[in-house]
Structure formats: C-alpha cells, structure tokens
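Trainee: To be precise about what I am sending: the file is called coords.cif and holds mmCIF, C-alpha atoms.
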```cif
data_my_file
loop_
_atom_site.label_atom_id
_atom_site.label_comp_id
_atom_site.auth_asym_id
_atom_site.auth_seq_id
_atom_site.Cartn_x
_atom_site.Cartn_y
_atom_site.Cartn_z
CA MET A 95 7.19 -1.76 -26.33
CA SER A 96 8.78 -3.21 -23.26
CA ILE A 97 11.53 -1.64 -21.18
CA ARG A 98 14.81 -3.55 -21.07
CA PHE A 99 17.40 -3.68 -18.32
CA ALA A 100 20.18 -2.75 -20.76
CA ASP A 101 18.41 0.49 -21.70
CA ILE A 102 18.17 1.74 -18.10
CA ALA A 103 20.92 3.69 -16.34
CA VAL A 104 21.29 4.64 -12.69
CA GLY A 105 19.99 8.19 -12.37
CA ASP A 106 17.28 7.78 -15.01
CA SER A 107 13.86 9.14 -14.12
CA ILE A 108 10.72 7.18 -14.92
CA PRO A 109 7.75 9.08 -16.41
CA GLU A 110 6.04 11.24 -13.79
CA LEU A 111 2.39 10.85 -12.93
CA ALA A 112 0.48 14.06 -12.17
CA LYS A 113 -2.85 13.21 -10.56
CA PRO A 114 -5.88 15.52 -10.64
CA PRO A 115 -6.64 17.28 -7.32
CA ILE A 116 -7.92 14.97 -4.57
CA ASP A 117 -11.59 15.69 -3.83
CA ARG A 118 -14.05 14.46 -1.22
CA THR A 119 -15.87 12.22 -3.66
CA GLN A 120 -12.59 10.44 -4.30
CA LEU A 121 -12.05 10.01 -0.54
CA ALA A 122 -15.55 8.57 -0.16
CA LEU A 123 -15.00 6.16 -3.06
CA PHE A 124 -11.59 5.18 -1.72
CA ALA A 125 -12.99 4.58 1.78
CA GLY A 126 -15.41 2.04 0.32
CA ALA A 127 -12.95 0.57 -2.16
CA SER A 128 -9.99 0.28 0.22
CA GLY A 129 -11.88 -0.87 3.31
CA ASP A 130 -10.54 2.07 5.36
CA HIS A 131 -13.70 3.65 6.78
CA ASN A 132 -11.97 5.87 9.33
CA PRO A 133 -14.15 9.03 9.64
CA ILE A 134 -11.08 11.31 9.65
CA HIS A 135 -11.17 10.86 5.85
CA LEU A 136 -14.89 11.59 5.51
CA ASP A 137 -16.26 13.80 8.27
CA ASP A 138 -14.76 17.22 9.09
CA GLU A 139 -16.30 17.30 12.55
CA GLN A 140 -14.78 13.98 13.56
CA ALA A 141 -11.46 14.90 11.98
CA ARG A 142 -11.39 18.15 13.99
CA SER A 143 -12.24 16.36 17.23
CA GLY A 144 -9.13 14.25 16.57
CA GLY A 145 -7.03 17.42 16.37
CA LEU A 146 -6.85 17.68 12.57
CA PRO A 147 -7.73 20.83 10.60
CA GLY A 148 -10.38 18.85 8.69
CA VAL A 149 -10.57 15.62 6.70
CA ILE A 150 -7.27 14.24 5.44
CA ALA A 151 -6.68 11.95 2.48
CA HIS A 152 -5.95 8.29 3.11
CA GLY A 153 -2.20 7.68 3.11
CA MET A 154 -2.89 4.51 1.16
CA LEU A 155 -4.62 6.59 -1.57
CA SER A 156 -1.35 8.41 -2.18
CA MET A 157 0.48 5.07 -2.07
CA ALA A 158 -1.97 3.76 -4.68
CA PHE A 159 -1.01 6.75 -6.86
CA LEU A 160 2.64 5.85 -6.33
CA GLY A 161 1.76 2.30 -7.45
CA GLN A 162 0.30 3.77 -10.62
CA VAL A 163 3.57 5.46 -11.50
CA LEU A 164 5.11 1.95 -11.40
CA THR A 165 2.37 0.13 -13.32
CA GLY A 166 2.33 2.96 -15.86
CA TRP A 167 6.00 2.22 -16.52
CA VAL A 168 6.17 -1.61 -16.37
CA PRO A 169 3.59 -4.42 -16.11
CA GLN A 170 2.61 -5.05 -12.50
CA SER A 171 4.00 -8.59 -12.71
CA ALA A 172 7.48 -7.00 -12.92
CA VAL A 173 7.12 -5.33 -9.50
CA ARG A 174 9.00 -7.43 -6.92
CA SER A 175 8.67 -5.10 -3.95
CA PHE A 176 7.21 -1.70 -3.20
CA SER A 177 7.35 0.37 -0.02
CA ALA A 178 6.42 3.82 1.20
CA ARG A 179 6.83 5.90 4.35
CA PHE A 180 4.08 8.41 5.08
CA THR A 181 5.97 11.67 5.57
CA ALA A 182 3.20 14.31 5.45
CA MET A 183 -0.58 14.47 5.26
CA ALA A 184 -2.50 15.19 2.05
CA PHE A 185 -5.78 17.14 2.06
CA PRO A 186 -8.76 17.58 -0.29
CA GLY A 187 -7.67 19.98 -3.03
CA ASP A 188 -4.06 18.77 -3.00
CA THR A 189 -2.52 17.81 -6.32
CA ILE A 190 -0.15 14.89 -5.97
CA THR A 191 2.66 14.18 -8.42
CA CYS A 192 4.50 10.85 -8.30
CA LYS A 193 8.11 10.43 -9.39
CA GLY A 194 10.73 7.73 -9.53
CA VAL A 195 14.50 7.60 -10.08
CA VAL A 196 16.66 4.54 -10.73
CA THR A 197 19.17 4.14 -7.90
CA ALA A 198 20.73 0.73 -8.62
CA LYS A 199 20.91 -2.11 -11.12
CA SER A 200 21.76 -5.67 -10.11
CA GLU A 201 21.11 -9.35 -10.59
CA GLU A 202 19.04 -11.14 -7.96
CA ASN A 203 17.86 -14.78 -8.04
CA GLY A 204 18.78 -14.97 -11.71
CA GLU A 205 16.75 -11.87 -12.58
CA MET A 206 17.93 -8.46 -13.73
CA VAL A 207 16.47 -5.93 -11.32
CA VAL A 208 16.47 -2.17 -10.93
CA ASP A 209 15.84 -0.30 -7.68
CA LEU A 210 13.90 2.93 -7.65
CA ASP A 211 13.53 5.77 -5.18
CA LEU A 212 9.94 6.97 -5.28
CA SER A 213 8.39 10.19 -4.12
CA ALA A 214 4.92 11.71 -3.95
CA VAL A 215 4.86 15.50 -3.64
CA ASN A 216 2.03 18.00 -3.33
CA GLN A 217 1.50 21.24 -5.30
CA ASP A 218 3.91 23.08 -2.97
CA GLY A 219 6.66 20.53 -3.55
CA LYS A 220 6.22 19.02 -0.08
CA GLN A 221 6.88 15.30 0.03
CA THR A 222 3.93 13.24 1.28
CA LEU A 223 5.43 9.81 0.61
CA ALA A 224 9.00 8.54 0.39
CA GLY A 225 9.16 5.14 -1.22
CA SER A 226 11.18 2.57 -3.05
CA ALA A 227 10.58 -0.33 -5.41
CA ARG A 228 12.43 -3.24 -6.98
CA ILE A 229 11.49 -4.06 -10.57
CA ALA A 230 12.56 -7.08 -12.64
CA LEU A 231 13.26 -6.32 -16.30
CA PRO A 232 14.07 -8.41 -19.36
CA ALA A 233 17.81 -8.26 -20.12
CA MET B 1157 -0.63 -5.59 27.60
CA LYS B 1158 2.91 -4.23 27.12
CA ALA B 1159 4.03 -3.83 23.53
CA GLU B 1160 7.15 -5.96 24.08
CA GLU B 1161 4.96 -8.89 25.15
CA LEU B 1162 3.24 -8.82 21.76
CA VAL B 1163 6.42 -9.58 19.80
CA GLY B 1164 6.13 -13.04 18.29
CA LYS B 1165 2.36 -13.15 18.63
CA VAL B 1166 0.64 -14.81 15.67
CA TYR B 1167 -3.00 -13.84 15.05
CA ALA B 1168 -5.69 -16.22 13.87
CA PRO B 1169 -5.80 -16.58 10.07
CA PHE B 1170 -8.28 -14.42 8.16
CA THR B 1171 -9.81 -15.12 4.76
CA VAL B 1172 -11.04 -12.59 2.20
CA ASP B 1173 -12.69 -13.13 -1.20
CA VAL B 1174 -11.26 -10.83 -3.87
CA GLU B 1175 -14.31 -9.62 -5.80
CA LYS B 1176 -14.23 -8.22 -9.31
CA GLY B 1177 -16.69 -5.40 -8.58
CA ARG B 1178 -14.57 -4.33 -5.63
CA LEU B 1179 -11.44 -4.21 -7.79
CA ARG B 1180 -13.29 -2.09 -10.38
CA LEU B 1181 -14.39 0.28 -7.60
CA PHE B 1182 -10.81 0.48 -6.32
CA ALA B 1183 -9.60 1.26 -9.86
CA LYS B 1184 -12.25 3.98 -10.19
CA ALA B 1185 -11.40 5.46 -6.79
CA ILE B 1186 -7.72 5.87 -7.65
CA GLY B 1187 -8.43 7.18 -11.17
CA GLU B 1188 -7.02 4.13 -12.92
CA SER B 1189 -7.59 4.06 -16.68
CA ASN B 1190 -5.30 1.16 -17.69
CA PRO B 1191 -7.71 -1.41 -19.21
CA VAL B 1192 -5.79 -4.27 -17.54
CA TYR B 1193 -7.46 -3.20 -14.26
CA LEU B 1194 -10.93 -2.67 -15.73
CA ASP B 1195 -11.53 -5.07 -18.59
CA ASP B 1196 -11.44 -8.87 -18.35
CA ASP B 1197 -10.20 -9.35 -21.91
CA ALA B 1198 -7.36 -6.87 -21.46
CA ALA B 1199 -6.41 -8.59 -18.18
CA ARG B 1200 -6.35 -12.04 -19.81
CA LYS B 1201 -4.33 -10.75 -22.76
CA ALA B 1202 -1.81 -9.43 -20.22
CA GLY B 1203 -1.53 -12.92 -18.74
CA TYR B 1204 -3.80 -12.63 -15.67
CA ALA B 1205 -6.57 -15.10 -14.82
CA SER B 1206 -8.97 -12.17 -14.29
CA LEU B 1207 -8.67 -8.51 -13.23
CA PRO B 1208 -5.47 -8.18 -11.16
CA ALA B 1209 -5.52 -6.46 -7.77
CA PRO B 1210 -3.41 -3.26 -8.01
CA PRO B 1211 -0.16 -3.23 -5.99
CA THR B 1212 -1.55 -1.67 -2.81
CA PHE B 1213 -4.82 -3.65 -2.77
CA ALA B 1214 -3.07 -6.34 -0.72
CA PHE B 1215 -3.33 -3.94 2.23
CA SER B 1216 -7.09 -3.63 1.68
CA ILE B 1217 -7.36 -7.41 2.01
CA ALA B 1218 -5.85 -7.09 5.49
CA MET B 1219 -8.04 -4.03 6.15
CA ASP B 1220 -11.19 -5.99 5.32
CA ALA B 1221 -10.33 -8.31 8.17
CA GLU B 1222 -9.59 -5.24 10.37
CA GLN B 1223 -6.21 -6.87 10.83
CA PRO B 1224 -4.15 -3.67 11.17
CA PHE B 1225 -6.11 -2.78 14.34
CA LYS B 1226 -5.57 -6.05 16.20
CA VAL B 1227 -2.35 -4.90 17.86
CA LEU B 1228 -4.04 -1.67 18.99
CA GLU B 1229 -6.86 -3.66 20.58
CA ASP B 1230 -4.31 -5.83 22.39
CA LEU B 1231 -2.49 -2.74 23.66
CA GLY B 1232 -5.71 -1.00 24.66
CA VAL B 1233 -4.78 1.96 22.45
CA ASP B 1234 -7.43 4.06 20.73
CA LYS B 1235 -7.23 4.09 16.92
CA THR B 1236 -7.15 7.89 16.92
CA ARG B 1237 -3.74 7.80 18.68
CA SER B 1238 -2.23 5.68 15.91
CA MET B 1239 -0.83 6.36 12.47
CA HIS B 1240 0.23 4.18 9.58
CA GLY B 1241 3.94 4.94 9.43
CA GLU B 1242 5.22 2.75 6.64
CA GLN B 1243 3.98 0.01 4.34
CA ILE B 1244 6.15 -2.52 2.54
CA PHE B 1245 4.96 -5.13 0.03
CA ASP B 1246 6.87 -8.09 -1.35
CA TYR B 1247 5.08 -9.65 -4.31
CA ILE B 1248 5.28 -13.33 -5.14
CA GLU B 1249 2.33 -14.06 -7.45
CA PRO B 1250 -0.53 -11.92 -8.77
CA ILE B 1251 -3.75 -11.62 -6.76
CA CYS B 1252 -6.74 -11.63 -9.12
CA ALA B 1253 -10.52 -11.30 -8.97
CA GLY B 1254 -11.99 -14.64 -7.95
CA ASP B 1255 -9.12 -15.48 -5.61
CA THR B 1256 -9.73 -16.36 -1.98
CA VAL B 1257 -6.84 -15.04 0.06
CA THR B 1258 -5.89 -16.20 3.54
CA GLY B 1259 -3.54 -14.14 5.69
CA VAL B 1260 -1.62 -14.71 8.87
CA GLN B 1261 -0.25 -11.72 10.76
CA ARG B 1262 2.55 -11.83 13.32
CA VAL B 1263 4.15 -9.12 15.40
CA VAL B 1264 7.79 -8.76 14.40
CA GLU B 1265 9.23 -6.00 16.56
CA THR B 1266 8.47 -2.90 18.58
CA PHE B 1267 10.56 0.06 19.64
CA GLU B 1268 10.20 3.63 20.88
CA LYS B 1269 11.48 6.88 19.40
CA LYS B 1270 11.64 10.50 20.54
CA GLY B 1271 12.22 9.59 24.18
CA GLY B 1272 9.16 7.36 24.33
CA ALA B 1273 6.76 9.84 22.69
CA MET B 1274 6.24 7.44 19.81
CA ARG B 1275 5.86 3.66 19.92
CA PHE B 1276 6.51 1.75 16.68
CA ILE B 1277 4.93 -1.67 16.13
CA VAL B 1278 5.96 -3.73 13.12
CA THR B 1279 3.87 -6.65 11.86
CA GLU B 1280 4.21 -9.01 8.93
CA THR B 1281 1.27 -10.57 7.13
CA LEU B 1282 1.79 -13.39 4.66
CA LEU B 1283 -1.05 -13.77 2.15
CA LYS B 1284 -1.71 -17.08 0.37
CA ASN B 1285 -4.25 -17.84 -2.32
CA GLN B 1286 -6.80 -20.67 -2.57
CA HIS B 1287 -4.03 -22.93 -3.95
CA THR B 1288 -2.08 -22.29 -0.69
CA ARG B 1289 0.61 -20.52 -2.73
CA PRO B 1290 2.10 -17.38 -1.15
CA VAL B 1291 1.11 -14.30 -3.15
CA ALA B 1292 2.37 -11.35 -1.11
CA ASN B 1293 4.01 -10.43 2.17
CA LEU B 1294 3.07 -7.19 3.91
CA ARG B 1295 5.20 -5.41 6.46
CA THR B 1296 3.19 -2.74 8.27
CA VAL B 1297 4.58 -0.13 10.65
CA ILE B 1298 2.04 1.38 13.04
CA ILE B 1299 3.03 4.39 15.14
CA VAL B 1300 1.27 5.12 18.44
CA ARG B 1301 1.52 8.59 20.00
CA GLN B 1302 2.21 8.03 23.69
CA GLY B 1303 2.84 11.59 24.87
#
```
As structure tokens, please, write out the structure in this file.
Mentor:
Amino acid sequence: MSIRFADIAVGDSIPELAKPPIDRTQLALFAGASGDHNPIHLDDEQARSGGLPGVIAHGMLSMAFLGQVLTGWVPQSAVRSFSARFTAMAFPGDTITCKGVVTAKSEENGEMVVDLDLSAVNQDGKQTLAGSARIALPA
Amino acid sequence: MKAEELVGKVYAPFTVDVEKGRLRLFAKAIGESNPVYLDDDAARKAGYASLPAPPTFAFSIAMDAEQPFKVLEDLGVDKTRSMHGEQIFDYIEPICAGDTVTGVQRVVETFEKKGGAMRFIVTETLLKNQHTRPVANLRTVIIVRQG
C-alpha cells in the first residue's frame, strides 16, 4: 500500500510515533552507533561540570526518531530533504512523540512533492525538535 | 582565528566506510524494527544494494571524521561551549552498507545573535560515494556561547 500525492491534503497529519522512554542504555548504544562520544550523554559527573543537571540525550537521537516517523510513513527513498532545529534538551526518562503535518503540495523537478512540518515533543508537551521535510510521492 | 575569516574555508576531504554491523547497531540504538534496516533480503526487496543508512546516519559519517569539531578547533573554542543548533539534510541517492563515502566540508556563513552572546557557524558537507556520485548534502549549524 503506497501513499499517493492525490490522496494527501494540506493539513493532514501523518501517523504519530510514540517512542518508549529514553534510558541510559539507549544513550550508550547511540553514542557508539552515532559516533558522538561526548561524555555529557554518558557521565553525570562530566555533564554536571559542564553546567547541566545530569546527562542529556543526544539531539541527533531525537532527530533519528523524527526520521523514523518519516520512514514509517513512506519509503526512505521518497525523502528529498529533512531538517530539524534543536529547541530543548531531552533527558533519560523522557518519552518522545514525533508528529508531522502536511503544509504544502507542489511539483518540483517533475516530481509531485509534499512538505511537512515535523515536531518532537516530550511527555509534558514541550517541543524538543522543530523540523521539516520534503517528500516525493507517486501522483 | 576570527569566525568571519573562516567563511569560504574548505577542509581536507574525509573518507568513511559504511559498515553493515554499524548500521545494525544504529538501528538497534534508535529502536528501529523495520526489516529494511536490519535484514539484507528485505533491503534488497525494497530496492537497496544492501542495508540502507537511516536518514540521519549521514551526520554520523561526518562525526566519524570528527568533522563537526574542525571549526571549533580553528576558532580555539572548547567543545563544551558549543551546541548543535540545526541540522539539514538534502538526499540525492541512498547510502548503503558497503559504500565508501567521501565528504568535503566548507564554511558557508557566520553571524551573531543576542548582542554577541551567541555565535552561529554554518557549514555544508557534500558526501559522495565510491562511484563519485553525490549522495547527500549536510548543512550543520553550530552555536557557540560567547558570553
């Protein structure tokens, strides 16, 4: 079942992705997997010496979650561009939910494309990422 | 070095091998269950040469080369005073396990906000695969606290 351009309207939401709570094991795995070994994601003492309350989640982990909301909706090969601004920190124990809304439909380079506004929010509804994406769809 | 003097600077190319085990670890770390990212057969059926790198993995390729920190080194700024402000990806072709990716990073612009309390540095990194075809372009915004 593939999603078609004609079936999408501006204002449509794409299916949300509710991730399980971030835990320290995930941060350790992501440090190794992502290549970001900054101790502020792994070691409370070092995080505190940098002025943080304790370890924080990698911003790129939340952006990876936001990528999953896209690739859960369309094949990755349909994703033309994807961006995110890091608007607030996420911490171990936080539960991140990723959302997307269609903001525009157009034709670009002979392709039918839709633009999305993306958002990652924590359990309190605070936005941790504000993003956007452009997706090419079959007519 | 002053930030303005960095604009236009092009860093030496870096090369990273995209390994299948690493992509599986990345998938595990982000809680990915889509078989396209875990299983060779599923990836091939979906039209990929091997396991595809998820959308944000392109940044990890630059990270492996410690590329995002080069501008901080040039400015003599400690990593702990910097933040990743924004990340933008443009995708051209899939990056898959087995690819060898070469990147070239250049400094695009820099500006201050909040009366000089924050310095923004914007770089672009074009990634090409072993066939010298462009696969992705990264635009990375680094923020340095100057206060």
Trainee: Could you give me, as an MDAnalysis selection string, the residues within 7 Å of region 1209-1226 of chain B, counting all atoms listed in the file and dropping anything in the same chain fewer than 2 positions from it?
Mentor: (chainID A and resid 128:130 158 161) or (chainID B and resid 1170 1172 1179 1207 1228:1230 1251:1252)
Trainee: Could you check how far CA of Phe159 (chain A) sits from CA of Leu136 (chain A), in Å to one decimal?
Mentor: 19.2 Å
Trainee: List as a Markdown table every residue of chain A that is in contact with chain B, defined as an atom at most 9 Å from one of its atoms (using only C-alpha atoms), together with the nearest atom pair and the distance in Å rounded to one decimal, sorted by chain and then rising number.
Mentor:
```
| residue | atom | partner | partner_atom | distance |
| --- | --- | --- | --- | --- |
| A:Lys113 | CA | B:Gly1187 | CA | 8.2 |
| A:Pro114 | CA | B:Gly1187 | CA | 8.7 |
| A:Thr119 | CA | B:Ala1185 | CA | 8.7 |
| A:Gln120 | CA | B:Ala1185 | CA | 5.7 |
| A:Leu121 | CA | B:Ala1185 | CA | 7.8 |
| A:Ala122 | CA | B:Ala1185 | CA | 8.4 |
| A:Leu123 | CA | B:Ala1185 | CA | 5.2 |
| A:Phe124 | CA | B:Ala1185 | CA | 5.1 |
| A:Ala125 | CA | B:Ala1185 | CA | 8.8 |
| A:Gly126 | CA | B:Leu1181 | CA | 8.2 |
| A:Ala127 | CA | B:Phe1182 | CA | 4.7 |
| A:Ser128 | CA | B:Ser1216 | CA | 5.1 |
| A:Gly129 | CA | B:Asp1220 | CA | 5.5 |
| A:Asp130 | CA | B:Met1219 | CA | 6.6 |
| A:Ile134 | CA | B:Thr1236 | CA | 8.9 |
| A:Gly144 | CA | B:Thr1236 | CA | 6.7 |
| A:Gly153 | CA | B:His1240 | CA | 7.7 |
| A:Met154 | CA | B:Thr1212 | CA | 7.5 |
| A:Leu155 | CA | B:Ile1186 | CA | 6.9 |
| A:Ser156 | CA | B:Ile1186 | CA | 8.8 |
| A:Met157 | CA | B:Thr1212 | CA | 7.1 |
| A:Ala158 | CA | B:Thr1212 | CA | 5.8 |
| A:Phe159 | CA | B:Ile1186 | CA | 6.8 |
| A:Gly161 | CA | B:Pro1211 | CA | 6.0 |
| A:Gln162 | CA | B:Glu1188 | CA | 7.7 |
| A:Thr165 | CA | B:Pro1211 | CA | 8.5 |
| A:Gly166 | CA | B:Asn1190 | CA | 8.1 |
| A:Pro169 | CA | B:Ala1202 | CA | 8.4 |
| A:Gln170 | CA | B:Pro1211 | CA | 7.3 |
| A:Ser171 | CA | B:Pro1250 | CA | 6.9 |
| A:Val173 | CA | B:Tyr1247 | CA | 7.1 |
| A:Arg174 | CA | B:Tyr1247 | CA | 5.2 |
| A:Ser175 | CA | B:Asp1246 | CA | 4.4 |
| A:Phe176 | CA | B:Phe1245 | CA | 5.2 |
| A:Ser177 | CA | B:Ile1244 | CA | 4.0 |
| A:Ala178 | CA | B:Gln1243 | CA | 5.5 |
| A:Arg179 | CA | B:Glu1242 | CA | 4.2 |
| A:Phe180 | CA | B:Gly1241 | CA | 5.6 |
| A:Thr181 | CA | B:Gly1241 | CA | 8.0 |
```
Trainee: Just to confirm, what's the straight-line distance from CA of Ala182 (chain A) to CA of Lys1158 (chain B) in Å (one decimal)?
Mentor: 28.5 Å
Trainee: Expressed in Å to a single decimal, how great is the separation between CA of Val195 (chain A) and CA of Ala103 (chain A)?
Mentor: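 About the pair CA of Val195 (chain A) and CA of Ala103 (chain A): they are 9.8 Å apart.
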Trainee: Once the PyMOL selection byres ((chain A and resi 183) around 7) has been applied to the shown file, what residues remain in the selection, as a list of chain:residue names?
Mentor: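 Output of the PyMOL selection byres ((chain A and resi 183) around 7): A:Ile150, A:Ala182, A:Ala184, A:Phe185, A:Thr222.
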Trainee: With distances taken over only C-alpha atoms, which residue among A:Val207, A:Leu160, A:Asp188, A:Asp138 lies nearest Ser226 (chain A)?
Mentor: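 Using only C-alpha atoms, the shortest distance to Ser226 (chain A) belongs to A:Leu160.
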Trainee: What does the PyMOL selection byres ((chain B and resi 1167) around 9) select in this file, as a ChimeraX atom specification?
Mentor: /B:1165-1166,1168-1170,1223,1226,1260-1263
Trainee: Can you translate the PyMOL selection byres ((chain B and resi 1273) around 6) into the concrete residues it hits in this file, as an MDAnalysis selection string?
Mentor: chainID B and resid 1270:1272 1274 1302:1303
Trainee: Which residue is closest to Ala112 (chain A)? Choose from A:Ile190, A:Gly219, A:Glu201, A:Ala233 and count all atoms listed in the file.
Mentor: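 Closest to Ala112 (chain A), using all atoms listed in the file: A:Ile190.
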Trainee: Tell me, as a VMD selection string, which residues lie within 8 Å of Ser107 (chain A), counting all atoms listed in the file; anything in the same chain fewer than 6 positions away does not count.
Mentor: chain A and resid 193 to 196
Trainee: Please dump the current selection as a CSV table (one decimal), in the coordinates of the input; keep C-alpha atoms.
Mentor:
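Saved to selection.csv:
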```
chain,number,residue,atom,x,y,z
A,193,LYS,CA,8.1,10.4,-9.4
A,194,GLY,CA,10.7,7.7,-9.5
A,195,VAL,CA,14.5,7.6,-10.1
A,196,VAL,CA,16.7,4.5,-10.7
```
Trainee: Counting all atoms listed in the file, which of A:Met206, A:Ile108, A:Ala172, A:Leu146 gets nearest to Cys192 (chain A)?
Mentor: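 Of all the options, A:Ile108 lies closest to Cys192 (chain A).
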Trainee: Using all atoms listed in the file, find the one residue out of A:Glu205, A:Asp117, A:Asp211, A:Asp137 that sits nearest to Val104 (chain A).
Mentor: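 Checking each candidate against Val104 (chain A), we get A:Asp211 as the closest.
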